[in-house]
>>> print(open('start28.csv').read())   # CSV, C-alpha atoms
chain,number,residue,atom,x,y,z
I,1,MET,CA,46.9,-11.7,18.1
I,2,LEU,CA,45.4,-8.3,17.0
I,3,ILE,CA,43.8,-8.3,13.5
I,4,ILE,CA,44.3,-4.7,12.4
I,5,PRO,CA,42.2,-3.2,9.6
I,6,ALA,CA,44.0,-1.0,7.2
I,7,ILE,CA,42.7,2.3,5.9
I,8,ASP,CA,44.8,3.5,3.0
I,9,LEU,CA,44.2,7.2,2.1
I,10,LYS,CA,44.6,8.7,-1.3
I,11,ASP,CA,43.1,12.1,-2.1
I,12,GLY,CA,41.0,11.8,1.1
I,13,LYS,CA,39.4,8.5,0.0
I,14,CYS,CA,39.8,5.0,1.3
I,15,VAL,CA,41.6,3.0,-1.4
I,16,ARG,CA,43.7,-0.1,-1.8
I,17,LEU,CA,46.7,-0.5,-4.0
I,18,ARG,CA,48.2,-3.5,-5.7
I,19,GLN,CA,51.9,-4.0,-4.8
I,20,GLY,CA,52.1,-0.3,-3.8
I,21,ARG,CA,51.4,1.1,-7.3
I,22,MET,CA,49.5,4.4,-7.0
I,23,GLU,CA,48.1,4.0,-10.5
I,24,ASP,CA,46.6,0.6,-9.6
I,25,ASN,CA,44.1,1.5,-7.0
I,26,THR,CA,40.5,0.7,-6.1
I,27,VAL,CA,38.4,3.3,-4.2
I,28,PHE,CA,36.4,1.6,-1.4
I,29,SER,CA,34.9,4.6,0.3
I,30,ASN,CA,34.7,8.4,0.2
I,31,ASP,CA,34.2,8.5,4.0
I,32,PRO,CA,37.3,7.1,5.8
I,33,VAL,CA,35.9,8.1,9.2
I,34,ALA,CA,32.8,6.0,8.7
I,35,VAL,CA,35.1,3.1,7.5
I,36,ALA,CA,37.0,3.3,10.7
I,37,GLY,CA,33.8,3.2,12.7
I,38,ARG,CA,32.7,0.1,10.8
I,39,TRP,CA,35.8,-1.9,11.7
I,40,ILE,CA,35.6,-0.7,15.3
I,41,LYS,CA,32.0,-1.8,15.5
I,42,GLU,CA,33.1,-5.2,14.3
I,43,GLY,CA,35.7,-5.5,17.0
I,44,ALA,CA,38.9,-3.8,15.9
I,45,ARG,CA,41.1,-2.9,18.7
I,46,ARG,CA,43.6,-0.9,16.6
I,47,ILE,CA,43.4,0.9,13.3
I,48,HIS,CA,46.2,1.1,10.8
I,49,ILE,CA,46.2,4.2,8.5
I,50,VAL,CA,48.6,5.0,5.6
I,51,ASP,CA,48.8,8.4,4.0
I,52,LEU,CA,49.6,7.1,0.4
I,53,ASN,CA,49.9,10.6,-1.0
I,54,GLY,CA,52.2,11.5,2.0
I,55,ALA,CA,54.4,8.5,1.3
I,56,PHE,CA,55.2,9.8,-2.1
I,57,ALA,CA,55.3,13.5,-1.2
I,58,GLY,CA,57.5,13.0,1.8
I,59,LYS,CA,55.1,14.9,4.1
I,60,PRO,CA,51.5,14.5,5.3
I,61,VAL,CA,48.8,15.1,2.8
I,62,ASN,CA,45.8,13.5,4.4
I,63,GLY,CA,46.5,14.7,7.9
I,64,ALA,CA,43.1,16.3,8.4
I,65,VAL,CA,41.3,13.0,7.7
I,66,ILE,CA,43.6,11.1,10.0
I,67,GLU,CA,43.0,13.5,12.8
I,68,ALA,CA,39.3,13.2,12.2
I,69,ILE,CA,39.5,9.4,12.6
I,70,ALA,CA,41.6,9.7,15.8
I,71,ARG,CA,39.3,12.3,17.3
I,72,ALA,CA,36.2,10.3,16.4
I,73,TYR,CA,37.3,7.1,18.2
I,74,PRO,CA,39.7,8.1,21.0
I,75,GLU,CA,39.3,4.8,22.7
I,76,VAL,CA,40.9,2.8,19.9
I,77,PRO,CA,44.7,3.3,19.2
I,78,VAL,CA,45.5,4.5,15.7
I,79,GLN,CA,48.8,3.9,14.1
I,80,VAL,CA,49.8,6.1,11.1
I,81,GLY,CA,52.4,5.9,8.4
I,82,GLY,CA,53.2,7.7,5.2
I,83,GLY,CA,55.3,10.8,4.8
I,84,ILE,CA,56.5,11.0,8.4
I,85,ARG,CA,60.0,12.5,8.0
I,86,ASP,CA,60.5,14.9,10.9
I,87,GLU,CA,59.9,15.5,14.6
I,88,GLU,CA,57.3,18.2,14.0
I,89,THR,CA,55.1,15.7,12.1
I,90,ILE,CA,55.3,13.1,14.8
I,91,GLU,CA,54.5,15.7,17.5
I,92,ALA,CA,51.5,16.9,15.4
I,93,TYR,CA,50.1,13.4,14.9
I,94,LEU,CA,50.5,12.5,18.6
I,95,GLY,CA,48.9,15.8,19.6
I,96,ALA,CA,46.0,15.0,17.2
I,97,GLY,CA,45.3,11.7,19.1
I,98,VAL,CA,47.3,9.3,17.1
I,99,ARG,CA,48.9,6.6,19.4
I,100,TYR,CA,51.7,5.3,17.2
I,101,VAL,CA,53.6,6.8,14.2
I,102,ILE,CA,55.2,4.5,11.7
I,103,LEU,CA,58.6,5.4,10.2
I,104,GLY,CA,59.7,3.9,6.9
I,105,THR,CA,61.8,5.7,4.4
I,106,LYS,CA,63.3,8.1,6.9
I,107,ALA,CA,64.2,5.2,9.2
I,108,VAL,CA,66.2,3.6,6.4
I,109,ASN,CA,67.8,6.7,5.0
I,110,VAL,CA,68.7,8.4,8.3
I,111,PRO,CA,69.1,5.6,10.9
I,112,HIS,CA,70.0,7.9,13.8
I,113,PHE,CA,66.6,9.6,13.4
I,114,VAL,CA,64.9,6.5,14.9
I,115,SER,CA,67.0,6.5,18.0
I,116,ASP,CA,66.4,10.3,18.4
I,117,VAL,CA,62.6,10.1,18.1
I,118,CYS,CA,62.4,7.0,20.3
I,119,THR,CA,64.1,9.1,23.0
I,120,GLU,CA,61.9,12.1,22.4
I,121,PHE,CA,58.6,10.2,22.0
I,122,PRO,CA,59.1,6.9,23.9
I,123,GLY,CA,56.4,4.3,23.4
I,124,HIS,CA,55.1,5.8,20.2
I,125,ILE,CA,57.5,4.8,17.5
I,126,ILE,CA,57.0,1.8,15.1
I,127,VAL,CA,59.2,1.1,12.1
I,128,GLY,CA,57.7,-0.3,8.9
I,129,LEU,CA,60.0,-2.5,6.9
I,130,ASP,CA,58.6,-3.2,3.5
I,131,ALA,CA,60.6,-5.8,1.6
I,132,LYS,CA,60.9,-7.6,-1.6
I,133,ASP,CA,63.2,-10.7,-1.7
I,134,GLY,CA,64.6,-9.7,1.7
I,135,LYS,CA,65.6,-6.2,0.7
I,136,VAL,CA,63.9,-3.1,2.1
I,137,ALA,CA,62.0,-0.7,-0.2
I,138,ILE,CA,61.6,3.0,0.3
I,139,ASP,CA,59.9,6.1,-1.1
I,140,GLY,CA,56.4,4.6,-1.3
I,141,TRP,CA,57.9,1.2,-2.5
I,142,SER,CA,59.2,2.9,-5.6
I,143,LYS,CA,62.9,2.1,-4.8
I,144,LEU,CA,64.7,-0.9,-3.4
I,145,SER,CA,67.5,-0.1,-0.9
I,146,GLY,CA,70.4,-2.5,-0.5
I,147,HIS,CA,69.5,-3.1,3.2
I,148,ASP,CA,68.7,-6.5,4.6
I,149,VAL,CA,65.4,-6.6,6.6
I,150,VAL,CA,66.8,-8.5,9.5
I,151,ASP,CA,69.9,-6.4,9.9
I,152,LEU,CA,67.9,-3.2,10.0
I,153,ALA,CA,65.3,-4.7,12.4
I,154,LYS,CA,68.0,-5.6,14.9
I,155,LYS,CA,69.3,-2.0,14.9
I,156,TYR,CA,65.9,-0.5,15.4
I,157,GLN,CA,65.0,-2.8,18.4
I,158,ASP,CA,68.2,-1.5,20.1
I,159,ASP,CA,66.9,2.0,19.5
I,160,GLY,CA,63.7,1.3,21.4
I,161,VAL,CA,60.9,1.0,18.8
I,162,GLU,CA,57.6,-0.5,19.9
I,163,ALA,CA,57.3,-3.0,17.0
I,164,ILE,CA,58.3,-3.8,13.5
I,165,ILE,CA,55.6,-4.0,10.8
I,166,TYR,CA,56.8,-6.4,8.1
I,167,THR,CA,55.2,-6.2,4.7
I,168,ASP,CA,56.0,-8.5,1.8
I,169,ILE,CA,55.5,-6.2,-1.1
I,170,GLY,CA,55.1,-9.0,-3.6
I,171,ARG,CA,52.0,-10.1,-1.8
I,172,ASP,CA,50.5,-6.8,-0.7
I,173,GLY,CA,47.0,-6.3,-2.1
I,174,MET,CA,47.3,-9.5,-4.2
I,175,LEU,CA,45.2,-11.8,-1.9
I,176,SER,CA,48.0,-14.4,-2.4
I,177,GLY,CA,48.5,-15.5,1.2
I,178,VAL,CA,50.9,-14.4,4.0
I,179,ASN,CA,54.6,-15.0,3.6
I,180,ILE,CA,54.8,-17.0,6.9
I,181,GLU,CA,58.4,-18.2,6.5
I,182,ALA,CA,59.8,-14.7,6.0
I,183,THR,CA,57.7,-13.2,8.8
I,184,VAL,CA,58.8,-15.9,11.2
I,185,HIS,CA,62.5,-15.6,10.1
I,186,LEU,CA,62.3,-11.9,11.1
I,187,ALA,CA,60.5,-12.4,14.3
I,188,ASP,CA,63.0,-15.1,15.4
I,189,ALA,CA,65.9,-12.7,14.8
I,190,ILE,CA,64.6,-9.9,17.1
I,191,THR,CA,63.0,-9.5,20.6
I,192,ILE,CA,60.4,-6.9,19.9
I,193,PRO,CA,56.9,-7.6,18.4
I,194,VAL,CA,56.4,-8.1,14.7
I,195,ILE,CA,53.2,-7.2,13.0
I,196,ALA,CA,52.6,-9.1,9.8
I,197,SER,CA,51.3,-7.3,6.7
I,198,GLY,CA,50.7,-8.2,3.0
I,199,GLY,CA,48.7,-11.0,1.4
I,200,ILE,CA,46.2,-11.9,4.1
I,201,THR,CA,43.3,-13.4,2.2
I,202,ASN,CA,41.0,-15.6,4.4
I,203,LEU,CA,40.6,-17.3,7.8
I,204,ASP,CA,43.3,-19.9,6.8
I,205,ASP,CA,45.9,-17.1,6.8
I,206,ILE,CA,44.7,-16.1,10.3
I,207,ARG,CA,45.1,-19.7,11.5
I,208,LYS,CA,48.6,-19.9,10.1
I,209,LEU,CA,49.6,-16.6,11.7
I,210,CYS,CA,48.2,-17.6,15.1
I,211,GLY,CA,50.0,-20.9,14.8
I,212,VAL,CA,53.3,-19.0,14.8
I,213,ALA,CA,52.3,-16.2,17.2
I,214,ASP,CA,54.7,-17.6,19.8
I,215,HIS,CA,57.6,-16.5,17.7
I,216,GLY,CA,56.7,-12.9,18.6
I,217,ILE,CA,54.1,-12.1,15.9
I,218,THR,CA,51.5,-10.1,17.8
I,219,GLY,CA,49.3,-8.6,15.0
I,220,ALA,CA,48.3,-8.8,11.4
I,221,ILE,CA,47.2,-6.0,9.2
I,222,THR,CA,44.6,-6.7,6.6
I,223,GLY,CA,43.2,-4.5,3.8
I,224,ARG,CA,41.9,-5.7,0.5
I,225,ALA,CA,40.6,-9.0,1.9
I,226,ILE,CA,38.2,-7.3,4.3
I,227,TYR,CA,37.1,-4.7,1.7
I,228,GLU,CA,36.5,-7.3,-1.0
I,229,GLY,CA,34.9,-9.8,1.3
I,230,THR,CA,37.3,-12.7,1.2
I,231,LEU,CA,37.8,-12.2,4.9
I,232,ASP,CA,35.1,-11.4,7.5
I,233,PHE,CA,36.9,-9.0,9.9
I,234,ALA,CA,34.7,-9.8,12.9
I,235,GLU,CA,35.2,-13.6,12.3
I,236,ALA,CA,38.9,-13.1,11.9
I,237,GLN,CA,39.4,-11.3,15.2
I,238,LYS,CA,37.1,-13.8,17.0
I,239,LEU,CA,39.1,-16.7,15.6
I,240,ALA,CA,42.4,-15.0,16.6
I,241,ASP,CA,41.1,-14.5,20.1
I,242,GLU,CA,40.0,-18.2,20.4
I,243,LEU,CA,43.4,-19.5,19.1
I,244,SER,CA,45.3,-17.2,21.4
I,245,LYS,CA,43.7,-18.6,24.6
>>> encode(input="start28.csv", output="structure tokens")
Amino acid sequence: MLIIPAIDLKDGKCVRLRQGRMEDNTVFSNDPVAVAGRWIKEGARRIHIVDLNGAFAGKPVNGAVIEAIARAYPEVPVQVGGGIRDEETIEAYLGAGVRYVILGTKAVNVPHFVSDVCTEFPGHIIVGLDAKDGKVAIDGWSKLSGHDVVDLAKKYQDDGVEAIIYTDIGRDGMLSGVNIEATVHLADAITIPVIASGGITNLDDIRKLCGVADHGITGAITGRAIYEGTLDFAEAQKLADELSK
């Protein structure tokens, strides 16, 4: 089980939102590259980056910062989401040292785009499904689509994506615990790895996720908890490693 620290970028700074609302954000650092270095020093084996401005703009806005992180720590895979809507952006990120690109809105709105880029960039495509009450949200979580999470995930696994990142919007940034039931329900329905996101608060959440890892849940993204100190990142990864033996 990988515990994956999140670096959410807004205007070049490391921030955290509550339930995806851009106006409800907390700035944690003006130096995202140093933040990535901190988590890597504490044992992170992957970094999750979201270009929040990009998610709303529909194109990369914090690309220079993301490239700086990828270049500074080439030994640690970086996965990036937010505003990735065309092949050129994917190619640019991979060329800058990013290992995985995360598709969200474009994957929902133009389903064939996923199969196209999985063919063009095999091994580098992840789909992020952000849901509220089982329905997928798009456009930086500002709109709910009518699509069911499980139905979409089944299609994307056939396209050849590397993993599905599942986020419960209602819990994201709220430190209210992981939605284990919904995450397991999704993981049981598909054959590719699921990465849990949203609501991780403390070591108990890590224990709960590790307890269901055999359903196909291979990672957990954490943000606010490690920045506000309710979860010690190094301890979390250490615990996950011990429980995964």
>>> atom_distance(input="start28.csv", atom1="atom CA of I:Gly104", atom2="atom CA of I:Thr201")
24.3 Å
>>> atom_distance(input="start28.csv", atom1="atom CA of I:Ile125", atom2="atom CA of I:Asp205")
27.0 Å
>>> residues_around(input="start28.csv", residues="I:Ile221", least_positions_apart="2", cutoff="6 Å", atoms="all atoms listed in the file", output="list of chain:residue names")
I:Ile3, I:Ile4, I:Pro5, I:Ser197
>>> closest_atom_pairs(input="start28.csv", of="stretch 105-134 of chain I", to="stretch 182-187 of chain I", cutoff="12 Å", atoms="only C-alpha atoms", output="tab-separated table")
residue	atom	partner	partner_atom	distance
I:Leu129	CA	I:Leu186	CA	10.5
I:Asp130	CA	I:Thr183	CA	11.4
I:Ala131	CA	I:Ala182	CA	10.0
I:Lys132	CA	I:Ala182	CA	10.5
I:Asp133	CA	I:Ala182	CA	9.3
I:Gly134	CA	I:Ala182	CA	8.2
>>> residues_around(input="start28.csv", residues="I:Val161", least_positions_apart="4", cutoff="7 Å", atoms="all atoms listed in the file", output="ChimeraX atom specification")
/I:118,125-127,156-157
>>> closest_residue(input="start28.csv", among="I:Asp168, I:Asp11, I:Asp241, I:Asp148", to="I:Leu52", atoms="only C-alpha atoms")
I:Asp11
>>> atom_distance(input="start28.csv", atom1="atom CA of I:Phe233", atom2="atom CA of I:Thr218")
16.6 Å
>>> closest_residue(input="start28.csv", among="I:Lys13, I:Arg46, I:Lys59, I:Lys155", to="I:Ala34", atoms="only C-alpha atoms")
I:Lys13
>>> closest_residue(input="start28.csv", among="I:Lys10, I:Arg99, I:His48, I:His112", to="I:Pro60", atoms="only C-alpha atoms")
I:Lys10
>>> residues_near_point(input="start28.csv", point="(50.7, -9.1, 19.3)", cutoff="8 Å", atoms="all atoms listed in the file", output="list in words")
Met1, Leu2, Pro193, Val194, Ile195, Ala213, Gly216, Ile217, Thr218 and Gly219 of chain I
>>> closest_residue(input="start28.csv", among="I:Ala220, I:Gly160, I:Thr26, I:Gln79", to="I:Ser115", atoms="all atoms listed in the file")
I:Gly160
>>> closest_residue(input="start28.csv", among="I:Val108, I:Val101, I:Ala36, I:Ile169", to="I:Gly81", atoms="only C-alpha atoms")
I:Val101
